[in-house]
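Novice: File name protein.cif; file contents mmCIF, C-alpha atoms and all ligand atoms; full text below.
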```cif
data_data
#
loop_
_atom_site.label_atom_id
_atom_site.label_comp_id
_atom_site.auth_asym_id
_atom_site.auth_seq_id
_atom_site.Cartn_x
_atom_site.Cartn_y
_atom_site.Cartn_z
CA MET A 1 -21.18 15.72 12.28
CA ASN A 2 -20.35 12.28 13.70
CA HIS A 3 -16.59 12.12 13.12
CA PHE A 4 -16.76 8.32 12.80
CA ALA A 5 -13.41 8.27 11.00
CA THR A 6 -11.53 10.29 13.57
CA ARG A 7 -13.29 9.35 16.81
CA GLN A 8 -14.77 5.87 16.57
CA THR A 9 -12.50 3.03 17.71
CA PHE A 10 -11.89 -0.24 15.88
CA ASN A 11 -10.71 -3.68 17.01
CA PHE A 12 -8.84 -6.23 14.93
CA ILE A 13 -10.45 -9.11 16.76
CA LYS A 14 -8.28 -11.97 15.44
CA SER A 15 -4.98 -10.27 16.23
CA GLY A 16 -6.26 -8.58 19.38
CA LYS A 17 -5.09 -5.15 18.19
CA TYR A 18 -6.97 -1.96 18.95
CA MET A 19 -7.26 1.22 16.90
CA LYS A 20 -8.08 4.49 18.62
CA ASN A 21 -9.89 5.70 15.47
CA ARG A 22 -10.66 4.56 11.92
CA SER A 23 -8.13 6.75 10.12
CA VAL A 24 -5.13 5.16 8.43
CA LEU A 25 -2.10 6.86 6.93
CA ALA A 26 -2.04 5.43 3.38
CA PRO A 27 1.28 4.02 2.16
CA LEU A 28 3.12 6.96 0.60
CA THR A 29 6.38 6.63 -1.29
CA HIS A 30 8.66 9.60 -0.66
CA ASN A 31 12.12 8.55 -1.92
CA MET A 32 13.76 9.55 1.36
CA SER A 33 15.72 6.31 1.98
CA LEU A 34 19.31 5.68 0.93
CA ASP A 35 20.34 3.85 -2.23
CA ASN A 36 20.90 0.63 -0.24
CA GLY A 37 17.38 0.82 1.24
CA ASP A 38 18.50 2.02 4.68
CA LEU A 39 15.97 4.42 6.17
CA SER A 40 16.80 8.08 6.75
CA ASP A 41 15.93 10.06 9.86
CA HIS A 42 13.72 12.21 7.61
CA GLU A 43 11.30 9.41 6.83
CA ILE A 44 11.22 8.13 10.40
CA ASP A 45 10.43 11.70 11.52
CA TRP A 46 7.74 12.06 8.83
CA LEU A 47 5.98 8.88 9.97
CA ASN A 48 6.34 10.02 13.57
CA LYS A 49 4.67 13.30 12.67
CA CYS A 50 1.71 11.35 11.27
CA ALA A 51 1.52 9.21 14.42
CA GLU A 52 1.65 12.35 16.58
CA GLY A 53 -0.95 13.86 14.24
CA GLY A 54 -3.55 11.35 15.36
CA PHE A 55 -3.70 8.56 12.75
CA GLY A 56 -4.83 5.28 14.32
CA MET A 57 -2.67 3.27 11.92
CA ILE A 58 0.51 4.20 10.07
CA ILE A 59 1.37 2.27 6.90
CA THR A 60 4.89 2.82 5.60
CA ALA A 61 5.90 3.49 2.00
CA ALA A 62 6.24 0.46 -0.28
CA THR A 63 9.29 -1.31 1.18
CA SER A 64 11.57 -3.67 -0.74
CA ILE A 65 11.74 -7.31 0.30
CA SER A 66 14.57 -7.86 -2.17
CA MET A 67 17.09 -5.60 -3.86
CA THR A 68 16.02 -7.20 -7.17
CA GLY A 69 12.59 -5.57 -7.21
CA ARG A 70 13.24 -1.91 -6.56
CA SER A 71 11.11 0.63 -8.38
CA TRP A 72 12.31 4.02 -7.15
CA GLN A 73 15.38 5.82 -6.03
CA GLY A 74 15.36 6.07 -2.25
CA GLN A 75 12.92 3.21 -1.69
CA PRO A 76 13.10 1.80 1.86
CA ALA A 77 13.97 -1.87 2.35
CA LEU A 78 13.45 -4.33 5.18
CA ILE A 79 16.10 -6.94 4.57
CA THR A 80 18.95 -6.28 7.03
CA GLU A 81 19.40 -5.90 10.79
CA VAL A 82 20.21 -2.20 10.33
CA GLN A 83 16.90 -1.70 8.52
CA LYS A 84 15.11 -3.73 11.20
CA ASN A 85 16.44 -1.30 13.81
CA SER A 86 14.97 1.65 11.89
CA PHE A 87 11.59 -0.08 11.78
CA ALA A 88 11.89 -0.60 15.54
CA ARG A 89 12.06 3.21 15.84
CA ILE A 90 8.92 3.56 13.68
CA ALA A 91 7.12 1.01 15.86
CA GLU A 92 8.23 2.71 19.07
CA ASN A 93 7.19 6.19 17.88
CA SER A 94 3.82 4.88 16.70
CA HIS A 95 3.11 3.05 19.94
CA LYS A 96 4.01 6.14 21.98
CA ASN A 97 1.14 7.79 20.13
CA ASN A 98 -1.17 4.80 20.47
CA ALA A 99 -1.05 4.12 16.72
CA LEU A 100 -0.55 0.77 14.99
CA ALA A 101 2.53 0.48 12.75
CA ILE A 102 2.33 -1.56 9.55
CA VAL A 103 5.04 -1.98 6.90
CA GLN A 104 3.97 -2.34 3.29
CA LEU A 105 6.04 -5.10 1.65
CA HIS A 106 6.76 -4.73 -2.05
CA HIS A 107 8.45 -6.19 -5.10
CA GLY A 108 8.22 -4.11 -8.28
CA GLY A 109 7.90 -6.98 -10.79
CA MET A 110 7.65 -5.54 -14.30
CA ARG A 111 7.76 -2.03 -12.78
CA SER A 112 11.19 -2.57 -11.21
CA GLU A 113 13.79 -0.21 -12.64
CA ASP A 114 17.20 -1.41 -13.77
CA LYS A 115 18.94 1.62 -12.33
CA PHE A 116 17.74 0.97 -8.77
CA SER A 117 17.61 -2.84 -8.78
CA THR A 118 20.31 -5.45 -8.69
CA ALA A 119 18.55 -7.43 -11.45
CA LYS A 120 16.47 -6.81 -14.55
CA ALA A 121 12.70 -6.47 -14.23
CA VAL A 122 10.82 -9.77 -14.02
CA SER A 123 7.20 -10.75 -14.38
CA PRO A 124 5.39 -14.10 -14.45
CA SER A 125 5.85 -14.02 -18.25
CA ALA A 126 8.18 -12.07 -20.51
CA TYR A 127 6.75 -8.78 -21.73
CA LYS A 128 7.37 -6.98 -24.99
CA LEU A 129 9.59 -3.92 -25.13
CA ASP A 130 7.52 -0.75 -25.28
CA CYS A 131 7.74 2.84 -24.11
CA TYR A 132 6.78 1.83 -20.56
CA TYR A 133 9.26 -1.06 -20.35
CA PRO A 134 12.15 -0.03 -22.61
CA ASP A 135 14.62 -2.34 -20.82
CA GLY A 136 12.42 -5.40 -21.32
CA VAL A 137 10.84 -7.73 -18.78
CA ARG A 138 11.98 -11.31 -18.48
CA GLU A 139 10.04 -14.35 -17.23
CA ILE A 140 10.77 -15.14 -13.60
CA THR A 141 12.06 -18.67 -12.91
CA THR A 142 10.43 -21.09 -10.46
CA THR A 143 13.55 -20.95 -8.27
CA GLU A 144 13.26 -17.17 -8.13
CA ILE A 145 9.56 -17.43 -7.22
CA GLU A 146 10.39 -19.70 -4.26
CA SER A 147 13.15 -17.34 -3.22
CA LEU A 148 10.86 -14.27 -3.37
CA ILE A 149 8.29 -16.01 -1.18
CA ASN A 150 11.11 -16.58 1.33
CA ASP A 151 12.03 -12.89 1.01
CA PHE A 152 8.48 -11.76 1.87
CA VAL A 153 8.51 -14.08 4.90
CA HIS A 154 12.01 -12.92 5.95
CA SER A 155 10.96 -9.23 5.86
CA SER A 156 7.78 -10.07 7.80
CA LYS A 157 9.83 -11.77 10.50
CA LEU A 158 12.11 -8.75 10.75
CA ALA A 159 9.01 -6.53 11.04
CA TYR A 160 7.69 -8.72 13.84
CA GLN A 161 11.04 -8.66 15.65
CA ALA A 162 11.14 -4.87 15.24
CA GLY A 163 7.84 -4.59 17.11
CA MET A 164 5.79 -3.59 14.08
CA ASP A 165 2.11 -4.56 14.40
CA GLY A 166 1.91 -6.16 11.00
CA VAL A 167 2.61 -6.23 7.30
CA GLU A 168 0.62 -5.19 4.27
CA ILE A 169 1.41 -7.31 1.20
CA HIS A 170 1.44 -5.06 -1.87
CA ALA A 171 -0.55 -6.85 -4.56
CA ALA A 172 -1.79 -3.74 -6.38
CA PHE A 173 -0.83 -1.32 -9.17
CA ASN A 174 0.85 -3.70 -11.63
CA PHE A 175 3.70 -4.62 -9.32
CA LEU A 176 4.93 -8.24 -9.08
CA LEU A 177 2.06 -9.87 -7.17
CA SER A 178 -0.55 -8.08 -9.24
CA ASN A 179 1.35 -9.20 -12.38
CA PHE A 180 0.81 -12.79 -11.22
CA SER A 181 -2.93 -12.29 -10.64
CA ASN A 182 -3.40 -10.65 -14.02
CA PRO A 183 -4.42 -13.17 -16.73
CA ALA A 184 -3.25 -10.76 -19.44
CA LEU A 185 0.29 -10.73 -18.03
CA ASN A 186 0.57 -14.21 -16.53
CA LYS A 187 0.75 -16.74 -19.39
CA ARG A 188 2.59 -19.44 -17.45
CA ARG A 189 1.65 -23.08 -17.86
CA ASP A 190 3.13 -24.30 -14.58
CA GLN A 191 1.63 -24.22 -11.08
CA TRP A 192 2.13 -20.39 -10.98
CA GLY A 193 -0.10 -19.61 -13.96
CA GLY A 194 -3.30 -20.58 -15.76
CA SER A 195 -6.25 -21.04 -13.37
CA PHE A 196 -7.31 -18.43 -10.79
CA ASP A 197 -5.80 -20.55 -8.02
CA ASN A 198 -2.51 -20.95 -9.86
CA ARG A 199 -2.15 -17.27 -10.76
CA ASN A 200 -2.77 -16.22 -7.16
CA ARG A 201 -0.81 -19.09 -5.63
CA ILE A 202 2.20 -16.85 -4.90
CA ILE A 203 0.04 -14.49 -2.78
CA PHE A 204 -1.62 -17.42 -1.01
CA GLU A 205 1.77 -19.02 -0.29
CA ILE A 206 3.20 -15.79 1.16
CA VAL A 207 0.19 -15.35 3.46
CA LYS A 208 0.16 -19.00 4.54
CA ARG A 209 3.88 -18.95 5.34
CA ILE A 210 3.62 -15.72 7.36
CA ARG A 211 0.66 -17.10 9.29
CA ALA A 212 2.49 -20.36 9.97
CA GLU A 213 5.79 -18.79 11.05
CA ILE A 214 4.77 -15.64 12.99
CA PRO A 215 2.47 -15.48 16.05
CA ARG A 216 -1.21 -14.73 15.40
CA ASN A 217 -1.15 -11.30 17.04
CA PHE A 218 0.72 -10.07 13.94
CA ILE A 219 -1.58 -8.30 11.47
CA VAL A 220 -1.47 -9.44 7.84
CA GLY A 221 -3.24 -7.27 5.28
CA VAL A 222 -3.22 -7.31 1.49
CA ARG A 223 -3.45 -4.26 -0.77
CA LEU A 224 -5.32 -4.54 -4.06
CA SER A 225 -6.30 -2.09 -6.79
CA PRO A 226 -9.41 -3.85 -8.09
CA GLU A 227 -9.79 -1.82 -11.31
CA ASN A 228 -7.25 -1.04 -14.02
CA TYR A 229 -5.91 2.47 -14.12
CA ALA A 230 -3.57 4.57 -16.31
CA HIS A 231 -2.10 2.34 -19.05
CA PHE A 232 -2.49 -0.88 -17.04
CA SER A 233 -4.99 -3.47 -18.22
CA GLY A 234 -6.04 -7.06 -17.65
CA ILE A 235 -7.09 -6.99 -13.99
CA LYS A 236 -10.60 -8.39 -13.66
CA ILE A 237 -12.64 -6.89 -10.86
CA GLU A 238 -14.68 -10.07 -10.25
CA GLU A 239 -11.41 -11.95 -9.70
CA GLN A 240 -10.17 -9.31 -7.27
CA ILE A 241 -13.33 -9.91 -5.21
CA GLN A 242 -12.77 -13.67 -5.47
CA LEU A 243 -9.15 -13.10 -4.37
CA SER A 244 -10.26 -11.02 -1.36
CA ASN A 245 -12.72 -13.70 -0.29
CA ALA A 246 -10.11 -16.45 -0.74
CA LEU A 247 -7.55 -14.49 1.30
CA ASN A 248 -10.10 -14.05 4.06
CA LYS A 249 -10.26 -17.85 4.34
CA LEU A 250 -6.49 -17.80 4.89
CA ASP A 251 -7.06 -15.74 8.01
CA ILE A 252 -5.78 -12.35 6.91
CA ASP A 253 -6.78 -9.31 8.99
CA TYR A 254 -7.76 -6.89 6.27
CA ILE A 255 -8.06 -6.10 2.59
CA HIS A 256 -6.93 -2.63 1.61
CA MET A 257 -8.36 -1.40 -1.68
CA SER A 258 -7.12 1.69 -3.43
CA LEU A 259 -10.01 2.77 -5.65
CA HIS A 260 -8.33 5.84 -7.14
CA ASP A 261 -11.57 7.69 -6.33
CA ALA A 262 -13.69 6.04 -3.64
CA PHE A 263 -16.80 7.85 -4.91
CA LYS A 264 -16.56 6.75 -8.54
CA LYS A 265 -18.91 4.38 -10.34
CA PRO A 266 -17.56 0.95 -11.33
CA ASN A 267 -15.87 1.02 -14.77
CA HIS A 268 -18.10 -1.85 -15.86
CA LEU A 269 -21.32 -0.20 -14.57
CA PRO A 270 -20.87 3.52 -15.23
CA GLU A 271 -24.61 4.23 -15.41
CA GLY A 272 -25.58 2.18 -12.33
CA ASP A 273 -26.86 3.61 -9.04
CA GLU A 274 -24.08 2.16 -6.91
CA THR A 275 -20.61 3.53 -6.42
CA LEU A 276 -17.68 1.17 -6.95
CA LEU A 277 -17.36 0.70 -3.18
CA GLN A 278 -21.08 -0.03 -2.76
CA TRP A 279 -20.88 -2.57 -5.60
CA ILE A 280 -17.80 -4.19 -4.03
CA LYS A 281 -19.58 -4.45 -0.67
CA THR A 282 -22.43 -6.45 -2.25
CA LYS A 283 -19.89 -9.06 -3.42
CA LEU A 284 -17.38 -9.16 -0.59
CA ASN A 285 -17.61 -11.52 2.37
CA PRO A 286 -19.00 -9.21 5.11
CA GLU A 287 -16.49 -10.64 7.60
CA ILE A 288 -13.64 -8.88 5.77
CA THR A 289 -12.19 -5.79 7.40
CA LEU A 290 -12.01 -3.33 4.52
CA ILE A 291 -9.71 -0.32 4.28
CA ILE A 292 -10.59 2.06 1.45
CA ALA A 293 -8.36 4.72 -0.11
CA GLY A 294 -9.04 7.14 -2.93
CA ASN A 295 -9.76 10.82 -2.85
CA ILE A 296 -10.81 10.94 0.79
CA SER A 297 -9.81 14.44 1.77
CA ASN A 298 -11.90 15.58 4.75
CA ILE A 299 -14.16 14.29 7.49
CA ILE A 300 -17.29 14.53 5.34
CA SER A 301 -15.82 12.31 2.64
CA ALA A 302 -14.24 9.98 5.22
CA ASP A 303 -17.50 9.46 7.12
CA LYS A 304 -19.37 8.96 3.87
CA ILE A 305 -16.99 6.16 2.86
CA ILE A 306 -17.53 4.51 6.23
CA SER A 307 -21.30 4.79 5.70
CA HIS A 308 -20.78 3.08 2.30
CA GLY A 309 -19.29 0.07 4.08
CA ALA A 310 -15.56 0.70 4.67
CA ASP A 311 -14.34 -0.18 8.14
CA LEU A 312 -11.31 2.09 7.91
CA VAL A 313 -10.36 4.98 5.62
CA ALA A 314 -6.84 5.54 4.27
CA ILE A 315 -5.71 9.09 3.67
CA GLY A 316 -3.02 9.69 1.04
CA LYS A 317 -2.62 13.08 -0.64
CA ALA A 318 -4.51 14.94 2.10
CA ALA A 319 -2.04 13.55 4.66
CA VAL A 320 0.94 14.79 2.64
CA GLY A 321 -0.23 18.32 3.40
CA ASN A 322 -1.74 17.49 6.79
CA PRO A 323 0.22 14.91 8.78
CA ASN A 324 -2.00 15.99 11.69
CA TRP A 325 -5.15 15.33 9.62
CA VAL A 326 -6.96 13.59 12.51
CA ASN A 327 -6.03 16.06 15.24
CA LYS A 328 -6.87 19.04 13.05
CA ILE A 329 -10.31 17.64 12.25
CA ASN A 330 -11.04 16.79 15.86
CA ALA A 331 -9.98 20.28 16.94
CA GLY A 332 -12.21 21.86 14.27
CA ARG A 333 -9.22 23.39 12.49
CA ALA A 334 -9.11 23.93 8.72
CA LEU A 335 -7.13 21.45 6.62
CA ALA A 336 -4.51 22.58 4.13
CA LYS A 337 -5.81 21.84 0.65
CA ALA A 338 -3.87 20.31 -2.28
CA PRO A 339 -1.95 21.39 -4.25
CA PHE A 340 0.51 22.13 -1.44
CA THR A 341 3.30 24.66 -1.64
CA ILE A 342 6.92 23.55 -1.43
CA GLU A 343 7.16 25.52 1.80
CA GLN A 344 4.24 23.60 3.31
CA LEU A 345 5.77 20.27 2.30
CA SER A 346 9.16 21.27 3.56
CA ASN A 347 7.62 22.31 6.89
CA ASN A 348 5.96 18.90 7.04
CA GLY A 349 9.41 17.28 6.90
CA PHE A 350 9.79 16.31 3.26
CA THR A 351 13.24 16.66 1.72
CA MET A 352 13.75 18.25 -1.69
CA THR A 353 14.13 14.76 -3.19
CA ALA A 354 10.71 13.85 -1.82
CA ILE A 355 9.17 17.10 -3.00
CA ASP A 356 10.75 16.67 -6.42
CA TYR A 357 9.17 13.21 -6.69
CA MET A 358 5.80 14.53 -5.51
CA SER A 359 5.96 17.39 -8.03
CA GLY A 360 5.47 14.73 -10.69
CA ILE A 361 2.12 13.66 -9.21
CA SER A 362 -0.78 15.56 -10.64
CA GLY A 363 -2.38 18.12 -8.33
CA LEU A 364 -0.10 17.51 -5.34
CA VAL A 365 2.48 20.32 -5.44
CA THR A 366 1.97 23.91 -6.61
CA GLU A 367 5.45 24.61 -7.95
CA ASN A 368 8.35 22.62 -9.27
CA LYS A 369 11.76 22.22 -7.69
CA GLN A 370 13.67 24.44 -10.12
CA LYS A 371 11.34 27.36 -9.49
CA TRP A 372 11.75 27.01 -5.74
CA VAL A 373 15.54 26.73 -5.85
CA ALA A 374 15.74 29.79 -8.11
C1 LIG B 1 3.04 10.57 -3.17
C2 LIG B 1 2.31 9.26 -3.21
C3 LIG B 1 3.00 8.09 -2.93
C4 LIG B 1 2.33 6.85 -2.94
N1 LIG B 1 3.01 5.71 -2.58
C5 LIG B 1 2.35 4.52 -2.48
C6 LIG B 1 3.00 3.36 -1.98
O1 LIG B 1 4.18 3.39 -1.61
N2 LIG B 1 2.28 2.23 -1.92
C7 LIG B 1 0.97 2.15 -2.33
O2 LIG B 1 0.35 1.09 -2.25
N3 LIG B 1 0.31 3.26 -2.76
C8 LIG B 1 0.96 4.43 -2.83
N4 LIG B 1 0.28 5.56 -3.21
C9 LIG B 1 -1.17 5.49 -3.41
C10 LIG B 1 -1.88 5.93 -2.12
O3 LIG B 1 -1.60 5.05 -1.05
C11 LIG B 1 -3.41 6.01 -2.30
O4 LIG B 1 -3.92 4.72 -2.53
C12 LIG B 1 -3.82 6.91 -3.46
O5 LIG B 1 -3.03 8.08 -3.51
C13 LIG B 1 -5.29 7.31 -3.34
O6 LIG B 1 -5.55 7.95 -2.11
P1 LIG B 1 -5.58 9.57 -1.96
O7 LIG B 1 -6.52 10.10 -3.01
O8 LIG B 1 -6.03 9.79 -0.56
O9 LIG B 1 -4.18 10.03 -2.22
C14 LIG B 1 0.95 6.79 -3.26
C15 LIG B 1 0.28 7.98 -3.56
C16 LIG B 1 0.93 9.20 -3.54
C17 LIG B 1 0.15 10.44 -3.83
#
```
Written as structure tokens, that's how I'd like the structure from this file.
Ligand SMILES: Cc1cc2nc3c(=O)[nH]c(=O)nc-3n(C[C@H](O)[C@H](O)[C@H](O)COP(=O)(O)O)c2cc1C
Specialist:
Amino acid sequence: MNHFATRQTFNFIKSGKYMKNRSVLAPLTHNMSLDNGDLSDHEIDWLNKCAEGGFGMIITAATSISMTGRSWQGQPALITEVQKNSFARIAENSHKNNALAIVQLHHGGMRSEDKFSTAKAVSPSAYKLDCYYPDGVREITTTEIESLINDFVHSSKLAYQAGMDGVEIHAAFNFLLSNFSNPALNKRRDQWGGSFDNRNRIIFEIVKRIRAEIPRNFIVGVRLSPENYAHFSGIKIEEQIQLSNALNKLDIDYIHMSLHDAFKKPNHLPEGDETLLQWIKTKLNPEITLIIAGNISNIISADKIISHGADLVAIGKAAVGNPNWVNKINAGRALAKAPFTIEQLSNNGFTMTAIDYMSGISGLVTENKQKWVA
């Protein structure tokens, strides 16, 4: 076995950053921050465990750029000096272990929740009340759009000052930036809606501003989910490829695609010979550094995804049970397999709040909280 994912190095040429291997800790929400977005020691320790466990890059949980767009209880934020200092600890711990530290920047858009946010959910256009959005979603104003772009840039500057290696702009999973891209959700007639360029203008503006205002050794990546999943609809895969190629021209460092299952066939070509990733690779500018996530659990699947054209592999659920995923593989030790017991998760540093949240994700946790407490 070659162990490409866990042993082969990678260079981000444009930012001059080096990765000791091709394994990335996927962004994983854990609800371990405080209600005001301040980070807890638990989450800093968890990320440290993953850095010590051998990952070449650590990406944080989706982190609020504004208290208006919060989607979960205990979501981290990067808005204040106090929060910046916590990110400085994440950067320091990661660098001690020769890992890159990236913060994922997020606004929930239509998926923001009233009870955690300081404002009602917004989207490029108003959205009807239904069982998924019982509080309603109002159209965001142009002033608010300008202010959110500033918020993304502000958080990026704090990340840079904290010593983080870069930011990942969350434009996936029906959150705000993906709402803008989506022609089924964005019905605006101003410069922020309509054509492909207008719908994606907010993402382009955020990237351009970060590039203009922060030195070039700072990594900028963008996360996309190029196919619809669950009850979400309207994302067009061809446009997500077009978006990736357009972002590459704006000098980003990587595109991170979560494919749900990196071995699946494309939804629009279920009988074809190519997997979704192989199809994407035929369309994507080959210059793009591509991180792929989705059901990559062990070294065989990780190396296979690299052989299908990914530069880096992101490990989500498998890392929840194995923060030392890389070191275990390189030492020839067996990985813990999902679903994980509450004891395993607790030993890995997750609080009961985190475990409770993870219990709601299919196939991740063996028992539920009540059973364990009893
Ligand atoms: C507990 C959990 C929390 C997650 N939190 C985030 C997040 O904060 N941001 C994000 O972009 N994706 C998030 N994801 C999606 C993962 O990053 C990843 O794309 C997805 O789980 C597929 O990879 P996997 O099969 O290796 O888990 C989360 C997934 C899980 C299981």
Novice: Excluding segment 1-13 of chain A and any residue of its chain fewer than 5 positions from it, enumerate the residues within 12 Å of it, using all atoms listed in the file, and give them as a ChimeraX atom specification.
Specialist: /A:18-24,53-57,98-100,165-166,216-221,251-254,287-292,296-307,310-315,324-332
Novice: With all atoms listed in the file counted, collect every polymer residue having an atom within 9 Å of ligand LIG 1 (chain B); state the result as an NGL selection string.
Specialist: :A and (25-30 or 59-63 or 75 or 104-106 or 170-173 or 223-225 or 256-262 or 292-297 or 313-320 or 354-355 or 357-362 or 364)
Novice: Output C-alpha atoms for every residue in the selection just made, as a PDB file, keeping the file's coordinate frame.
Specialist:
```pdb
ATOM      1  CA  LEU A  25      -2.100   6.860   6.930  1.00  0.00           C
ATOM      2  CA  ALA A  26      -2.040   5.430   3.380  1.00  0.00           C
ATOM      3  CA  PRO A  27       1.280   4.020   2.160  1.00  0.00           C
ATOM      4  CA  LEU A  28       3.120   6.960   0.600  1.00  0.00           C
ATOM      5  CA  THR A  29       6.380   6.630  -1.290  1.00  0.00           C
ATOM      6  CA  HIS A  30       8.660   9.600  -0.660  1.00  0.00           C
ATOM      7  CA  ILE A  59       1.370   2.270   6.900  1.00  0.00           C
ATOM      8  CA  THR A  60       4.890   2.820   5.600  1.00  0.00           C
ATOM      9  CA  ALA A  61       5.900   3.490   2.000  1.00  0.00           C
ATOM     10  CA  ALA A  62       6.240   0.460  -0.280  1.00  0.00           C
ATOM     11  CA  THR A  63       9.290  -1.310   1.180  1.00  0.00           C
ATOM     12  CA  GLN A  75      12.920   3.210  -1.690  1.00  0.00           C
ATOM     13  CA  GLN A 104       3.970  -2.340   3.290  1.00  0.00           C
ATOM     14  CA  LEU A 105       6.040  -5.100   1.650  1.00  0.00           C
ATOM     15  CA  HIS A 106       6.760  -4.730  -2.050  1.00  0.00           C
ATOM     16  CA  HIS A 170       1.440  -5.060  -1.870  1.00  0.00           C
ATOM     17  CA  ALA A 171      -0.550  -6.850  -4.560  1.00  0.00           C
ATOM     18  CA  ALA A 172      -1.790  -3.740  -6.380  1.00  0.00           C
ATOM     19  CA  PHE A 173      -0.830  -1.320  -9.170  1.00  0.00           C
ATOM     20  CA  ARG A 223      -3.450  -4.260  -0.770  1.00  0.00           C
ATOM     21  CA  LEU A 224      -5.320  -4.540  -4.060  1.00  0.00           C
ATOM     22  CA  SER A 225      -6.300  -2.090  -6.790  1.00  0.00           C
ATOM     23  CA  HIS A 256      -6.930  -2.630   1.610  1.00  0.00           C
ATOM     24  CA  MET A 257      -8.360  -1.400  -1.680  1.00  0.00           C
ATOM     25  CA  SER A 258      -7.120   1.690  -3.430  1.00  0.00           C
ATOM     26  CA  LEU A 259     -10.010   2.770  -5.650  1.00  0.00           C
ATOM     27  CA  HIS A 260      -8.330   5.840  -7.140  1.00  0.00           C
ATOM     28  CA  ASP A 261     -11.570   7.690  -6.330  1.00  0.00           C
ATOM     29  CA  ALA A 262     -13.690   6.040  -3.640  1.00  0.00           C
ATOM     30  CA  ILE A 292     -10.590   2.060   1.450  1.00  0.00           C
ATOM     31  CA  ALA A 293      -8.360   4.720  -0.110  1.00  0.00           C
ATOM     32  CA  GLY A 294      -9.040   7.140  -2.930  1.00  0.00           C
ATOM     33  CA  ASN A 295      -9.760  10.820  -2.850  1.00  0.00           C
ATOM     34  CA  ILE A 296     -10.810  10.940   0.790  1.00  0.00           C
ATOM     35  CA  SER A 297      -9.810  14.440   1.770  1.00  0.00           C
ATOM     36  CA  VAL A 313     -10.360   4.980   5.620  1.00  0.00           C
ATOM     37  CA  ALA A 314      -6.840   5.540   4.270  1.00  0.00           C
ATOM     38  CA  ILE A 315      -5.710   9.090   3.670  1.00  0.00           C
ATOM     39  CA  GLY A 316      -3.020   9.690   1.040  1.00  0.00           C
ATOM     40  CA  LYS A 317      -2.620  13.080  -0.640  1.00  0.00           C
ATOM     41  CA  ALA A 318      -4.510  14.940   2.100  1.00  0.00           C
ATOM     42  CA  ALA A 319      -2.040  13.550   4.660  1.00  0.00           C
ATOM     43  CA  VAL A 320       0.940  14.790   2.640  1.00  0.00           C
ATOM     44  CA  ALA A 354      10.710  13.850  -1.820  1.00  0.00           C
ATOM     45  CA  ILE A 355       9.170  17.100  -3.000  1.00  0.00           C
ATOM     46  CA  TYR A 357       9.170  13.210  -6.690  1.00  0.00           C
ATOM     47  CA  MET A 358       5.800  14.530  -5.510  1.00  0.00           C
ATOM     48  CA  SER A 359       5.960  17.390  -8.030  1.00  0.00           C
ATOM     49  CA  GLY A 360       5.470  14.730 -10.690  1.00  0.00           C
ATOM     50  CA  ILE A 361       2.120  13.660  -9.210  1.00  0.00           C
ATOM     51  CA  SER A 362      -0.780  15.560 -10.640  1.00  0.00           C
ATOM     52  CA  LEU A 364      -0.100  17.510  -5.340  1.00  0.00           C
TER      53      LEU A 364
END
```
Novice: Find, counting only C-alpha atoms, the residue in A:Ala88, A:Phe263, A:Ile79, A:Gln344 that gets nearest to Asp151 of chain A.
Specialist: A:Ile79
Novice: Atom CA of Ile58 of chain A to atom CA of Asn97 of chain A: how many Å, to one decimal?
Specialist: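 Computed distance, atom CA of Ile58 of chain A to atom CA of Asn97 of chain A, equals 10.7 Å.
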Novice: Looking at only C-alpha atoms, which of A:Pro323, A:Ile235, A:Ala121, A:Trp192 is the one that sits closest to Phe350 of chain A?
Specialist: A:Pro323
Novice: Record the distance separating atom CA of Ala91 of chain A and atom CA of Ser33 of chain A, expressed in Å with one decimal.
Specialist: 17.2 Å
Novice: Residues of segment 200-268 of chain A that approach segment 140-147 of chain A to 10 Å or less, counting only C-alpha atoms: could you list each one with the shortest pair of atoms and its distance in Å to one decimal, rows by chain and increasing residue number, as a tab-separated table?
Specialist:
```
residue	atom	partner	partner_atom	distance
A:Ile202	CA	A:Ile145	CA	7.7
A:Glu205	CA	A:Glu146	CA	9.5
A:Ile206	CA	A:Glu146	CA	9.8
```
Novice: Do you have the atom CA of Leu34 of chain A-atom CA of Gly74 of chain A distance handy?
Specialist: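 Separating atom CA of Leu34 of chain A from atom CA of Gly74 of chain A is a distance of 5.1 Å.
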Novice: I'd like to know which of A:Val103, A:Ala51, A:Leu247, A:Ile342 is closest to Gly163 of chain A, using all atoms listed in the file.
Specialist: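 Among the listed residues, A:Val103 lies closest to Gly163 of chain A.
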